[in-house]
$ cat entry15.txt   # compact mmCIF, C-alpha atoms
# COMPACT_ATOMS: atom_id res chain seq x y z
CA MET O 26 83.32 54.37 49.08
CA GLU O 27 86.95 54.44 50.17
CA LEU O 28 88.46 51.05 50.90
CA ALA O 29 90.63 50.33 53.91
CA LEU O 30 91.72 46.99 52.53
CA GLU O 31 91.39 45.29 49.19
CA LEU O 32 92.58 41.85 48.11
CA LYS O 33 92.45 40.82 44.47
CA ASN O 34 93.12 37.23 43.45
CA VAL O 35 95.67 36.73 46.18
CA THR O 36 97.26 33.32 45.80
CA LYS O 37 99.82 31.55 47.95
CA ARG O 38 100.94 28.01 47.26
CA TYR O 39 102.33 25.62 49.83
CA ASP O 40 102.86 21.89 49.65
CA GLY O 41 99.45 20.49 50.42
CA PHE O 42 97.70 23.83 50.82
CA THR O 43 96.86 26.62 48.43
CA LEU O 44 95.26 29.91 49.26
CA ASP O 45 93.42 30.24 46.00
CA ALA O 46 92.59 33.61 44.40
CA VAL O 47 91.29 35.25 47.55
CA SER O 48 89.46 38.51 46.87
CA PHE O 49 87.51 40.74 49.22
CA SER O 50 87.36 44.36 50.18
CA LEU O 51 86.73 46.19 53.42
CA PRO O 52 85.32 49.75 53.22
CA ARG O 53 86.46 52.32 55.75
CA GLY O 54 84.27 52.62 58.79
CA CYS O 55 83.41 48.92 58.81
CA ILE O 56 84.33 45.75 60.67
CA MET O 57 84.93 42.58 58.70
CA GLY O 58 85.01 39.15 60.23
CA LEU O 59 87.14 36.48 58.64
CA ILE O 60 85.68 33.09 59.43
CA GLY O 61 86.56 29.54 58.55
CA GLU O 62 87.74 26.32 60.11
CA ASN O 63 91.18 25.78 61.57
CA GLY O 64 93.58 25.55 58.68
CA ALA O 65 91.17 27.15 56.22
CA GLY O 66 93.63 29.93 55.44
CA LYS O 67 92.58 32.77 57.73
CA SER O 68 95.97 33.27 59.33
CA THR O 69 97.74 32.82 56.01
CA THR O 70 95.54 35.56 54.57
CA ILE O 71 96.39 37.87 57.46
CA ARG O 72 100.09 37.13 57.17
CA LEU O 73 99.93 37.94 53.47
CA ILE O 74 98.16 41.22 54.20
CA LEU O 75 100.88 42.12 56.71
CA ASP O 76 103.60 41.09 54.24
CA LEU O 77 105.05 38.63 56.77
CA ILE O 78 105.05 36.09 53.94
CA GLY O 79 105.24 36.79 50.23
CA LYS O 80 102.31 36.12 47.92
CA ASP O 81 102.62 34.24 44.67
CA GLU O 82 99.98 36.19 42.79
CA GLY O 83 97.49 38.98 43.19
CA THR O 84 97.46 42.42 44.76
CA ILE O 85 96.80 43.64 48.27
CA THR O 86 96.02 47.29 48.87
CA LEU O 87 96.18 48.64 52.41
CA LEU O 88 94.75 52.13 53.04
CA GLY O 89 95.38 52.89 49.37
CA GLU O 90 98.97 51.61 49.29
CA ASP O 91 100.36 48.36 47.97
CA SER O 92 101.14 46.07 50.90
CA ARG O 93 104.38 44.79 49.41
CA ASP O 94 107.25 46.66 51.08
CA ALA O 95 104.74 48.82 52.90
CA SER O 96 106.18 52.19 53.83
CA LYS O 97 106.86 53.00 57.46
CA ALA O 98 104.23 55.73 57.29
CA LEU O 99 101.67 53.11 56.32
CA ARG O 100 102.77 50.75 59.09
CA GLU O 101 102.18 53.54 61.61
CA LYS O 102 98.53 53.50 60.65
CA ILE O 103 98.01 49.78 61.13
CA GLY O 104 97.47 48.21 64.52
CA VAL O 105 98.07 44.48 64.72
CA VAL O 106 97.17 41.91 67.35
CA MET O 107 98.49 38.40 66.85
CA ASP O 108 97.00 35.27 68.37
CA GLU O 109 99.55 35.56 71.17
CA SER O 110 101.31 38.36 72.93
CA CYS O 111 104.66 38.98 71.31
CA PHE O 112 106.09 41.28 73.94
CA PRO O 113 109.28 40.15 75.66
CA GLU O 114 108.58 38.17 78.81
CA ASN O 115 110.52 40.48 81.09
CA PHE O 116 108.58 43.60 80.11
CA THR O 117 106.36 45.70 82.34
CA LEU O 118 103.82 48.24 81.05
CA ARG O 119 106.44 50.97 81.41
CA ASP O 120 108.95 48.99 79.32
CA VAL O 121 106.38 48.45 76.59
CA ASP O 122 105.68 52.17 76.57
CA SER O 123 109.32 53.24 76.43
CA VAL O 124 110.09 50.89 73.55
CA MET O 125 106.94 51.56 71.54
CA LYS O 126 107.23 55.32 71.72
CA ARG O 127 110.60 54.97 70.01
CA VAL O 128 109.19 52.63 67.39
CA TYR O 129 106.00 54.52 66.49
CA HIS O 130 106.21 58.28 65.90
CA SER O 131 102.51 58.55 66.58
CA TRP O 132 102.62 56.63 69.89
CA VAL O 133 100.60 58.33 72.63
CA SER O 134 101.76 57.19 76.07
CA GLU O 135 98.72 58.66 77.86
CA GLU O 136 96.36 56.68 75.65
CA PHE O 137 98.34 53.51 76.20
CA PHE O 138 98.31 53.80 79.99
CA ALA O 139 94.66 54.86 79.98
CA MET O 140 93.73 51.77 77.97
CA ALA O 141 95.97 49.52 80.09
CA HIS O 142 94.33 50.78 83.28
CA ARG O 143 90.88 50.44 81.77
CA PHE O 144 91.78 46.78 81.16
CA SER O 145 93.10 46.67 84.76
CA LEU O 146 96.57 45.59 83.66
CA PRO O 147 99.01 45.65 86.60
CA ASP O 148 101.83 48.20 86.57
CA LYS O 149 104.42 46.08 88.31
CA LYS O 150 103.96 42.60 86.88
CA ILE O 151 106.08 41.37 83.99
CA VAL O 152 104.48 39.90 80.87
CA LYS O 153 105.64 36.40 81.83
CA ASP O 154 103.29 36.49 84.84
CA TYR O 155 100.31 37.77 82.83
CA SER O 156 97.33 35.52 82.17
CA HIS O 157 96.43 34.83 78.55
CA GLY O 158 93.61 37.36 78.74
CA MET O 159 95.91 40.04 80.13
CA LYS O 160 98.45 39.41 77.38
CA MET O 161 95.81 39.87 74.71
CA LYS O 162 94.56 43.03 76.40
CA LEU O 163 98.11 44.37 76.47
CA ALA O 164 98.50 43.68 72.75
CA ILE O 165 95.17 45.37 72.02
CA ALA O 166 96.07 48.38 74.17
CA ALA O 167 99.35 48.69 72.23
CA ALA O 168 97.59 48.38 68.87
CA LEU O 169 95.19 51.18 69.81
CA SER O 170 97.83 53.60 71.10
CA HIS O 171 99.47 54.80 67.91
CA ARG O 172 96.58 56.44 66.06
CA ALA O 173 95.97 53.38 63.90
CA GLU O 174 93.32 53.62 61.21
CA LEU O 175 93.12 49.94 60.49
CA LEU O 176 93.17 47.21 63.09
CA ILE O 177 94.06 43.69 62.06
CA LEU O 178 93.44 40.98 64.63
CA ASP O 179 94.25 37.33 64.21
CA GLU O 180 92.25 35.19 66.64
CA ALA O 181 92.57 37.93 69.24
CA THR O 182 89.48 36.89 71.20
CA SER O 183 90.04 33.14 71.09
CA GLY O 184 90.72 31.49 74.42
CA LEU O 185 89.26 34.39 76.39
CA ASP O 186 86.29 34.23 78.70
CA PRO O 187 82.98 35.87 77.70
CA VAL O 188 83.41 38.81 80.09
CA VAL O 189 86.80 39.73 78.68
CA ARG O 190 85.59 39.23 75.11
CA GLU O 191 82.66 41.54 75.73
CA GLU O 192 85.03 44.17 77.13
CA ILE O 193 87.24 43.89 74.04
CA LEU O 194 84.32 44.02 71.63
CA ASP O 195 83.18 47.24 73.31
CA VAL O 196 86.60 48.74 72.68
CA PHE O 197 86.35 47.74 69.01
CA LEU O 198 82.94 49.35 68.68
CA GLU O 199 84.32 52.56 70.20
CA PHE O 200 87.26 52.49 67.79
CA ILE O 201 84.95 52.18 64.83
CA GLN O 202 82.98 55.29 65.85
CA ASP O 203 85.52 57.25 63.81
CA GLU O 204 84.36 56.68 60.26
CA SER O 205 87.84 56.51 58.80
CA HIS O 206 88.67 53.54 61.04
CA SER O 207 88.21 49.90 60.10
CA ILE O 208 88.82 46.48 61.60
CA LEU O 209 89.59 43.10 60.11
CA LEU O 210 89.36 40.30 62.61
CA SER O 211 89.57 36.58 62.25
CA SER O 212 87.91 34.38 64.79
CA HIS O 213 86.08 31.15 65.15
CA ILE O 214 83.93 32.51 67.93
CA LEU O 215 81.12 33.32 65.56
CA SER O 216 78.77 34.85 68.10
CA ASP O 217 81.32 37.61 68.67
CA LEU O 218 81.57 38.29 64.99
CA GLN O 219 77.82 38.28 64.59
CA LYS O 220 77.66 40.95 67.30
CA VAL O 221 80.12 43.45 65.84
CA CYS O 222 80.79 42.76 62.16
CA ASP O 223 79.38 44.58 59.17
CA TYR O 224 80.85 42.11 56.71
CA ILE O 225 81.56 38.43 56.89
CA THR O 226 84.15 36.73 54.70
CA PHE O 227 84.09 32.96 54.80
CA ILE O 228 87.24 31.13 53.81
CA HIS O 229 87.04 27.40 53.29
CA ARG O 230 89.98 25.27 52.19
CA GLY O 231 91.86 28.27 50.87
CA LYS O 232 88.94 29.71 48.91
CA VAL O 233 86.52 32.50 49.67
CA LEU O 234 83.06 30.96 49.75
CA PHE O 235 81.39 34.32 50.27
CA SER O 236 82.18 37.85 51.37
CA ARG O 237 78.99 39.73 52.09
CA GLY O 238 77.28 42.18 54.37
CA LYS O 239 76.23 40.47 57.59
CA ASP O 240 72.65 41.80 57.62
CA GLU O 241 72.14 40.86 54.00
CA LEU O 242 73.51 37.42 54.77
CA LEU O 243 71.31 36.89 57.80
CA GLU O 244 68.24 38.14 55.93
CA SER O 245 68.72 36.00 52.88
CA TYR O 246 69.27 32.71 54.71
CA GLY O 247 66.97 30.81 56.99
CA ILE O 248 66.70 27.40 58.60
CA LEU O 249 63.88 25.33 57.20
CA LYS O 250 62.49 22.45 59.20
CA CYS O 251 60.14 20.16 57.29
CA SER O 252 59.36 16.58 56.39
CA PRO O 253 61.31 14.71 53.69
CA GLU O 254 58.28 14.90 51.36
CA GLU O 255 58.03 18.65 51.69
CA PHE O 256 61.77 18.96 51.24
CA SER O 257 61.72 17.00 48.00
CA ARG O 258 59.33 19.56 46.47
CA ILE O 259 61.67 22.48 47.13
CA ASP O 260 63.78 23.94 44.36
CA LYS O 261 67.30 22.60 44.96
CA PHE O 262 68.82 25.98 44.06
CA ALA O 263 67.23 27.38 47.20
CA VAL O 264 69.09 24.91 49.42
CA ALA O 265 72.63 25.73 50.57
CA GLY O 266 72.93 22.64 52.75
CA TYR O 267 70.77 20.20 54.67
CA ARG O 268 70.80 17.33 57.08
CA GLU O 269 68.27 14.56 57.54
CA SER O 270 67.26 13.02 60.81
CA LYS O 271 64.46 10.76 61.89
CA PHE O 272 62.42 13.83 62.79
CA GLY O 273 62.64 15.30 59.31
CA VAL O 274 64.93 17.54 57.35
CA GLU O 275 66.74 20.66 58.49
CA ALA O 276 68.09 22.81 55.71
CA LEU O 277 69.83 26.10 55.21
CA VAL O 278 67.76 27.82 52.53
CA LEU O 279 67.42 31.09 50.69
CA ARG O 280 64.37 32.59 52.36
CA ASP O 281 62.76 34.19 49.32
CA LYS O 282 62.88 30.97 47.29
CA ILE O 283 60.80 29.04 49.81
CA PRO O 284 57.05 28.78 49.24
CA SER O 285 54.95 30.39 51.97
CA GLY O 286 53.43 28.00 54.44
CA LEU O 287 56.72 26.41 55.42
CA VAL O 288 58.37 27.49 58.67
CA VAL O 289 61.72 29.19 58.16
CA ASP O 290 63.64 30.16 61.30
CA ARG O 291 66.36 32.78 61.52
CA ALA O 292 69.81 31.44 60.73
CA GLY O 293 72.91 32.56 62.61
CA ILE O 294 76.35 32.95 61.12
CA GLU O 295 77.22 29.66 62.78
CA ASP O 296 74.38 27.82 61.01
CA ILE O 297 75.38 29.30 57.70
CA MET O 298 78.99 28.28 58.17
CA LEU O 299 78.20 24.75 59.31
CA TYR O 300 75.77 24.00 56.49
CA TYR O 301 78.05 25.54 53.90
CA VAL O 302 80.97 23.43 55.03
CA LYS O 303 78.86 20.29 55.14
CA GLU O 304 77.53 20.86 51.65
CA ASN O 305 81.03 21.40 50.31
CA VAL O 306 82.29 18.21 51.88
CA GLN O 307 79.78 16.12 49.99
CA MET N 12 116.34 51.63 65.85
CA THR N 13 116.82 53.08 69.33
CA GLY N 14 113.54 51.39 70.22
CA LEU N 15 114.83 47.98 69.14
CA ILE N 16 118.09 48.34 71.05
CA LEU N 17 116.29 49.64 74.12
CA LYS N 18 113.99 46.62 73.89
CA ASP N 19 116.98 44.28 74.09
CA LEU N 20 118.62 46.22 76.91
CA LEU N 21 115.41 46.23 78.97
CA ASN N 22 114.90 42.57 78.27
CA LEU N 23 118.46 41.71 79.29
CA LYS N 24 118.21 43.80 82.45
CA ARG N 25 117.39 40.69 84.45
CA GLN N 26 120.55 39.02 83.19
CA GLY N 27 122.47 42.01 84.52
CA LYS N 28 122.55 40.67 88.08
CA ILE N 29 123.90 37.29 87.05
CA ILE N 30 126.54 38.93 84.91
CA ALA N 31 127.57 41.26 87.72
CA ILE N 32 128.02 38.25 90.01
CA LEU N 33 130.08 36.45 87.35
CA PHE N 34 132.21 39.54 86.86
CA ALA N 35 132.79 39.87 90.59
CA PHE N 36 133.69 36.19 90.86
CA TYR N 37 136.25 36.26 88.05
CA LEU N 38 137.58 39.60 89.22
CA PHE N 39 138.23 38.03 92.62
CA LEU N 40 139.78 34.97 90.96
CA SER N 41 142.05 37.09 88.77
CA LEU N 42 143.16 39.31 91.63
CA THR N 43 143.97 36.43 93.96
CA SER N 44 145.73 34.35 91.29
CA HIS N 45 147.52 37.38 89.81
CA ASP N 46 146.45 36.23 86.35
CA SER N 47 144.51 38.99 84.64
CA SER N 48 144.00 37.22 81.30
CA PHE N 49 141.21 35.03 82.66
CA PHE N 50 139.02 37.95 83.67
CA GLY N 51 139.58 39.63 80.33
CA GLY N 52 138.53 36.54 78.41
CA VAL N 53 135.40 36.09 80.47
CA VAL N 54 134.37 39.72 79.97
CA ALA N 55 134.90 39.50 76.21
CA VAL N 56 132.98 36.23 75.86
CA LEU N 57 130.08 37.37 78.05
CA CYS N 58 129.71 40.60 76.12
CA ALA N 59 129.74 38.75 72.83
CA MET N 60 127.18 36.24 74.14
CA LEU N 61 124.61 38.85 75.17
CA PRO N 62 123.31 39.55 71.65
CA VAL N 63 122.78 35.78 71.30
CA THR N 64 120.75 35.76 74.51
CA ALA N 65 118.75 38.72 73.18
CA LEU N 66 118.06 36.77 69.98
CA SER N 67 116.87 33.74 71.89
CA TYR N 68 114.51 35.94 73.93
CA ASP N 69 113.12 37.33 70.69
CA GLU N 70 112.61 33.87 69.35
CA ARG N 71 110.77 32.73 72.46
CA CYS N 72 108.18 35.51 72.35
CA LYS N 73 108.01 35.66 68.52
CA TRP N 74 109.00 39.28 68.62
CA ASP N 75 110.25 39.38 65.02
CA LYS N 76 106.90 38.52 63.54
CA TYR N 77 105.28 41.22 65.65
CA ALA N 78 107.99 43.81 65.03
CA LEU N 79 107.60 43.40 61.26
CA THR N 80 104.02 44.66 61.53
CA MET N 81 105.43 47.86 63.04
CA PRO N 82 107.34 50.58 61.21
CA VAL N 83 110.39 48.32 61.42
CA SER N 84 112.04 46.61 58.45
CA ARG N 85 113.83 43.28 58.34
CA LYS N 86 117.02 45.24 57.80
CA ASP N 87 116.42 47.24 60.99
CA LEU N 88 116.03 44.04 62.98
CA VAL N 89 119.36 42.68 61.75
CA ILE N 90 121.25 45.95 62.12
CA SER N 91 119.94 46.43 65.66
CA LYS N 92 121.50 43.12 66.74
CA TYR N 93 124.90 44.06 65.31
CA LEU N 94 124.70 47.44 67.00
CA LEU N 95 123.81 45.75 70.26
CA GLY N 96 126.83 43.47 69.85
CA ALA N 97 129.10 46.43 69.09
CA LEU N 98 127.72 48.22 72.15
CA PHE N 99 128.49 45.31 74.48
CA CYS N 100 131.92 44.78 72.94
CA ALA N 101 132.73 48.43 73.47
CA ALA N 102 131.57 48.17 77.09
CA GLY N 103 133.69 45.03 77.53
CA PHE N 104 136.66 46.84 76.02
CA LEU N 105 136.33 49.70 78.50
CA VAL N 106 136.05 47.30 81.44
CA ASN N 107 139.12 45.36 80.27
CA PHE N 108 141.11 48.49 79.59
CA ALA N 109 140.36 49.89 83.03
CA PHE N 110 141.07 46.54 84.66
CA ASN N 111 144.43 46.09 82.93
CA LEU N 112 145.42 49.66 83.59
CA ILE N 113 144.78 49.25 87.31
CA THR N 114 146.06 45.73 87.91
CA GLY N 115 148.81 45.74 85.30
CA SER N 116 152.05 47.68 85.27
CA GLY N 117 150.15 50.87 84.59
CA ASN N 118 151.50 50.88 81.08
CA ILE N 119 148.79 52.37 78.83
CA ALA N 120 150.14 50.81 75.64
CA GLU N 121 150.20 47.35 77.19
CA ALA N 122 146.69 47.67 78.65
CA LEU N 123 145.45 48.93 75.30
CA GLU N 124 147.09 46.03 73.48
CA ILE N 125 145.46 43.41 75.71
CA SER N 126 142.00 44.95 75.71
CA LEU N 127 142.08 45.63 71.96
CA SER N 128 142.96 42.04 71.20
CA LEU N 129 140.11 40.87 73.45
CA LEU N 130 137.81 43.34 71.68
CA SER N 131 138.74 41.86 68.32
CA VAL N 132 138.02 38.35 69.62
CA GLY N 133 134.55 39.47 70.71
CA MET N 134 133.83 41.27 67.44
CA PHE N 135 135.09 38.32 65.45
CA PHE N 136 132.82 35.98 67.37
CA ILE N 137 129.77 38.20 66.84
CA SER N 138 130.35 38.64 63.13
CA LEU N 139 130.72 34.89 62.79
CA ILE N 140 127.77 33.82 64.91
CA LEU N 141 125.04 36.35 64.06
CA PRO N 142 124.63 35.40 60.38
CA ILE N 143 124.39 31.73 61.40
CA LEU N 144 121.72 32.50 64.01
CA PHE N 145 119.73 34.71 61.63
CA GLN N 146 119.71 31.91 59.10
CA PHE N 147 119.01 28.93 61.35
CA GLY N 148 117.46 30.43 64.47
CA VAL N 149 118.96 30.19 67.94
CA GLU N 150 117.76 26.65 68.66
CA LYS N 151 119.21 25.06 65.55
CA GLY N 152 122.10 27.50 65.50
CA ARG N 153 123.25 26.46 68.96
CA LEU N 154 125.15 23.43 67.71
CA LEU N 155 126.80 25.43 64.98
CA MET N 156 127.66 28.05 67.57
CA MET N 157 129.52 25.42 69.59
CA LEU N 158 131.47 24.48 66.49
CA VAL N 159 132.32 28.10 65.83
CA LEU N 160 133.57 28.38 69.39
CA PHE N 161 135.54 25.18 69.59
CA VAL N 162 137.07 24.80 66.15
CA PRO N 163 139.40 27.82 66.55
CA VAL N 164 140.34 26.64 70.06
CA ALA N 165 141.05 23.15 68.75
CA VAL N 166 143.13 24.55 65.90
CA VAL N 167 145.19 26.68 68.28
CA VAL N 168 145.71 23.75 70.65
CA PHE N 169 146.65 21.51 67.74
CA LEU N 170 149.13 24.02 66.37
CA SER N 171 150.75 24.50 69.75
CA THR N 172 151.32 20.76 70.09
CA GLN N 173 153.02 20.83 66.71
CA GLY N 174 155.76 22.92 68.21
CA LEU N 175 154.75 26.16 66.53
CA SER N 176 155.08 29.20 68.69
CA LEU N 177 152.25 31.71 68.93
CA PRO N 178 152.89 34.95 67.06
CA LYS N 179 154.81 37.47 69.12
CA GLY N 180 153.64 41.05 69.49
CA LYS N 181 156.38 42.39 67.26
CA ASN N 182 155.56 40.00 64.43
CA LEU N 183 152.14 41.66 64.20
CA ASP N 184 153.49 45.16 63.78
$ encode --input "entry15.txt" --output "structure tokens"
Amino acid sequence: MELALELKNVTKRYDGFTLDAVSFSLPRGCIMGLIGENGAGKSTTIRLILDLIGKDEGTITLLGEDSRDASKALREKIGVVMDESCFPENFTLRDVDSVMKRVYHSWVSEEFFAMAHRFSLPDKKIVKDYSHGMKMKLAIAAALSHRAELLILDEATSGLDPVVREEILDVFLEFIQDESHSILLSSHILSDLQKVCDYITFIHRGKVLFSRGKDELLESYGILKCSPEEFSRIDKFAVAGYRESKFGVEALVLRDKIPSGLVVDRAGIEDIMLYYVKENVQ
Amino acid sequence: MTGLILKDLLNLKRQGKIIAILFAFYLFLSLTSHDSSFFGGVVAVLCAMLPVTALSYDERCKWDKYALTMPVSRKDLVISKYLLGALFCAAGFLVNFAFNLITGSGNIAEALEISLSLLSVGMFFISLILPILFQFGVEKGRLLMMLVLFVPVAVVVFLSTQGLSLPKGKNLD
């Protein structure tokens, strides 16, 4: 399977924060969600991938090329959306188009305007007068208008209303119809990720806790609700995290390690993340 | 590269009106007071200031971070600002040359001398200020920029009070 993105033992040290030996890989044709709390290292990871900051150790391979001093040809094939719109405030759609077609050889003006109109972006307004949602849509339209093969989005859907997010997720799913395309997106809106992602990579305090297929993840974990007595009889290796209340115990468990007879509900990505974090705090 | 320069020009378009008004004002002032040097200085300074304005716009919208994800290198970003500065200085030179030719004695050599010296002031300013702004950013660099502007002025003023005469044209030949 050809990889769109591969990180091996990527380490970056700051005072008070270390991104520690992060490794994961994203096959072509797939969407990977990068999850984790604020400050867990998601944005740092994305900045390292984009070579905006230098790494201390490890290797990053983007579409088969080393990310360090990425060639311009490689940059053409990567579409990036930051957590804010970075277009100059005085720009209109036409200005964005005339600049970008001189920056990207593969820029397709028709596709850009088609996407902008699909997102109902106004022709006359300048970026300064755009709403946050419109700015993000503009950035996404730009990222999709130069024949990119890999999209990298840092918190692109955060701060947007559900209708807009749905619209954007649809665009992502269309993009991924081409099997050579792939997407890496970081977000803390986990329901969005659960909807579109094939892989989930969970970063916690600068470390990758897991990087696995979403379906596999959702199948293997479940939420167990039982009494403290029942809970005490369960193999502790089956428990990823739990919390006790006066009504009993709720635990995130590996489904196949739980004796039949106990009720195990489906776990969402959110449950898995919350229990994992809680367990690691203790 | 053309994309980066076009980006700055489009972004500065809105400043164009203000600059045109300033030009008109100083043009009027120079014509009525029969002192052409003022207009020339203003044109040179404005043209040299525009790349700084462009940089501060970039900083505000975090353009650099975004541009570096495009097929644009750090080197391209720096070079584009110098080219922009050279472009504005050249434009300022043409304006000054035309102005001096029309309002002055009509002597081409004299007009050329004045506008070339103003051009060199603008270029000198840009080559001094851009490295500082790249290193410290426009916000922090602003104070240093003031120093860069005022120290030479202060030195000249100081020297003139010491009874030294400014270099004459023929001394420079």
$ atom_distance --input "entry15.txt" --atom1 "atom CA of O:Val124" --atom2 "atom CA of N:Thr13"
8.2 Å
$ residues_around --input "entry15.txt" --residues "N:Tyr68" --least-positions-apart "3" --cutoff "10 Å" --atoms "only C-alpha atoms" --output "CSV table (one decimal) with C-alpha atoms, in the frame of the given file"
chain,number,residue,atom,x,y,z
O,112,PHE,CA,106.1,41.3,73.9
O,113,PRO,CA,109.3,40.2,75.7
O,114,GLU,CA,108.6,38.2,78.8
O,115,ASN,CA,110.5,40.5,81.1
N,19,ASP,CA,117.0,44.3,74.1
N,22,ASN,CA,114.9,42.6,78.3
N,23,LEU,CA,118.5,41.7,79.3
N,62,PRO,CA,123.3,39.6,71.6
N,63,VAL,CA,122.8,35.8,71.3
N,64,THR,CA,120.8,35.8,74.5
N,65,ALA,CA,118.8,38.7,73.2
N,71,ARG,CA,110.8,32.7,72.5
N,72,CYS,CA,108.2,35.5,72.4
N,73,LYS,CA,108.0,35.7,68.5
N,74,TRP,CA,109.0,39.3,68.6
N,149,VAL,CA,119.0,30.2,67.9
$ residues_around --input "entry15.txt" --residues "stretch 251-268 of chain O" --least-positions-apart "6" --cutoff "10 Å" --atoms "all atoms listed in the file" --output "list in words"
Val274, Glu275, Ala276, Leu277, Val278, Leu279, Arg280, Asp281, Lys282, Ile283, Pro284, Leu287, Val288, Val289, Asp296, Ile297, Met298, Leu299, Tyr300, Tyr301, Val302, Lys303, Glu304, Asn305 and Gln307 of chain O
$ interface_residues --input "entry15.txt" --of "chain O" --to "chain N" --cutoff "9 Å" --atoms "all atoms listed in the file" --output "ChimeraX atom specification"
/O:75-77,94-101,103-107,109-116,120-121,123-129
$ closest_residue --input "entry15.txt" --among "O:His171, O:His142, O:Lys37, O:Lys250" --to "O:Asp290" --atoms "all atoms listed in the file"
O:Lys250
$ atom_distance --input "entry15.txt" --atom1 "atom CA of O:Phe137" --atom2 "atom CA of N:Leu20"
21.6 Å
$ atom_distance --input "entry15.txt" --atom1 "atom CA of O:Leu210" --atom2 "atom CA of O:Ile56"
7.7 Å
$ closest_residue --input "entry15.txt" --among "O:Asn34, O:Ser205, O:Thr69, O:Ser50" --to "O:Ser236" --atoms "only C-alpha atoms"
O:Ser50
$ residues_around --input "entry15.txt" --residues "N:Ala59" --least-positions-apart "3" --cutoff "9 Å" --atoms "all atoms listed in the file" --output "list in words"
Val54, Ala55, Val56, Pro62, Val63, Gly96, Ala97, Phe99, Cys100, Gly103, Val132, Gly133, Met134, Phe136 and Ile137 of chain N
$ write_last_selection --input "entry15.txt" --atoms "C-alpha atoms" --output "mmCIF file, in the frame of the given file"
data_model
loop_
_atom_site.group_PDB
_atom_site.id
_atom_site.type_symbol
_atom_site.label_atom_id
_atom_site.label_comp_id
_atom_site.auth_asym_id
_atom_site.auth_seq_id
_atom_site.Cartn_x
_atom_site.Cartn_y
_atom_site.Cartn_z
ATOM 1 C CA VAL N 54 134.370 39.720 79.970
ATOM 2 C CA ALA N 55 134.900 39.500 76.210
ATOM 3 C CA VAL N 56 132.980 36.230 75.860
ATOM 4 C CA PRO N 62 123.310 39.550 71.650
ATOM 5 C CA VAL N 63 122.780 35.780 71.300
ATOM 6 C CA GLY N 96 126.830 43.470 69.850
ATOM 7 C CA ALA N 97 129.100 46.430 69.090
ATOM 8 C CA PHE N 99 128.490 45.310 74.480
ATOM 9 C CA CYS N 100 131.920 44.780 72.940
ATOM 10 C CA GLY N 103 133.690 45.030 77.530
ATOM 11 C CA VAL N 132 138.020 38.350 69.620
ATOM 12 C CA GLY N 133 134.550 39.470 70.710
ATOM 13 C CA MET N 134 133.830 41.270 67.440
ATOM 14 C CA PHE N 136 132.820 35.980 67.370
ATOM 15 C CA ILE N 137 129.770 38.200 66.840
#
$ residues_around --input "entry15.txt" --residues "O:Leu44" --least-positions-apart "2" --cutoff "9 Å" --atoms "only C-alpha atoms" --output "VMD selection string"
chain O and resid 35 to 39 42 46 to 47 65 to 66 69 to 70 230 to 232
$ residues_around --input "entry15.txt" --residues "N:Ala122" --least-positions-apart "4" --cutoff "10 Å" --atoms "only C-alpha atoms" --output "ChimeraX atom specification"
/N:107-118,126-127
$ closest_residue --input "entry15.txt" --among "O:Glu31, O:Asp108, O:Glu295, O:Glu199" --to "O:Gly83" --atoms "only C-alpha atoms"
O:Glu31
$ closest_residue --input "entry15.txt" --among "O:Val188, O:Ala292, O:Leu73, O:Ala29" --to "O:Met57" --atoms "all atoms listed in the file"
O:Ala29
$ axis_aligned_box --input "entry15.txt" --around "stretch 65-82 of chain O" --padding-each-side "4 Å" --output "JSON"
{"center_x": 98.2, "center_y": 34.6, "center_z": 51.1, "size_x": 22.1, "size_y": 23.0, "size_z": 24.5}
$ build_atoms --input "entry15.txt" --residues "stretch 142-149 of chain O" --atoms "N, CA and C atoms" --output "short mmCIF file (atom, residue, chain, number, x, y, z; two decimals), in the frame of the given file"
data_model
loop_
_atom_site.label_atom_id
_atom_site.label_comp_id
_atom_site.auth_asym_id
_atom_site.auth_seq_id
_atom_site.Cartn_x
_atom_site.Cartn_y
_atom_site.Cartn_z
N HIS O 142 95.00 50.71 81.98
CA HIS O 142 94.33 50.78 83.28
C HIS O 142 92.86 50.44 83.15
N ARG O 143 92.27 50.82 82.02
CA ARG O 143 90.88 50.44 81.77
C ARG O 143 90.75 48.91 81.76
N PHE O 144 91.77 48.25 81.19
CA PHE O 144 91.78 46.78 81.16
C PHE O 144 92.29 46.20 82.47
N SER O 145 92.51 47.04 83.46
CA SER O 145 93.10 46.67 84.76
C SER O 145 94.38 45.83 84.64
N LEU O 146 95.27 46.27 83.76
CA LEU O 146 96.57 45.59 83.66
C LEU O 146 97.47 46.11 84.78
N PRO O 147 98.18 45.23 85.47
CA PRO O 147 99.01 45.65 86.60
C PRO O 147 100.26 46.39 86.15
N ASP O 148 100.66 47.40 86.91
CA ASP O 148 101.83 48.20 86.57
C ASP O 148 103.13 47.45 86.80
N LYS O 149 103.14 46.65 87.86
CA LYS O 149 104.42 46.08 88.31
C LYS O 149 104.74 44.73 87.67
#
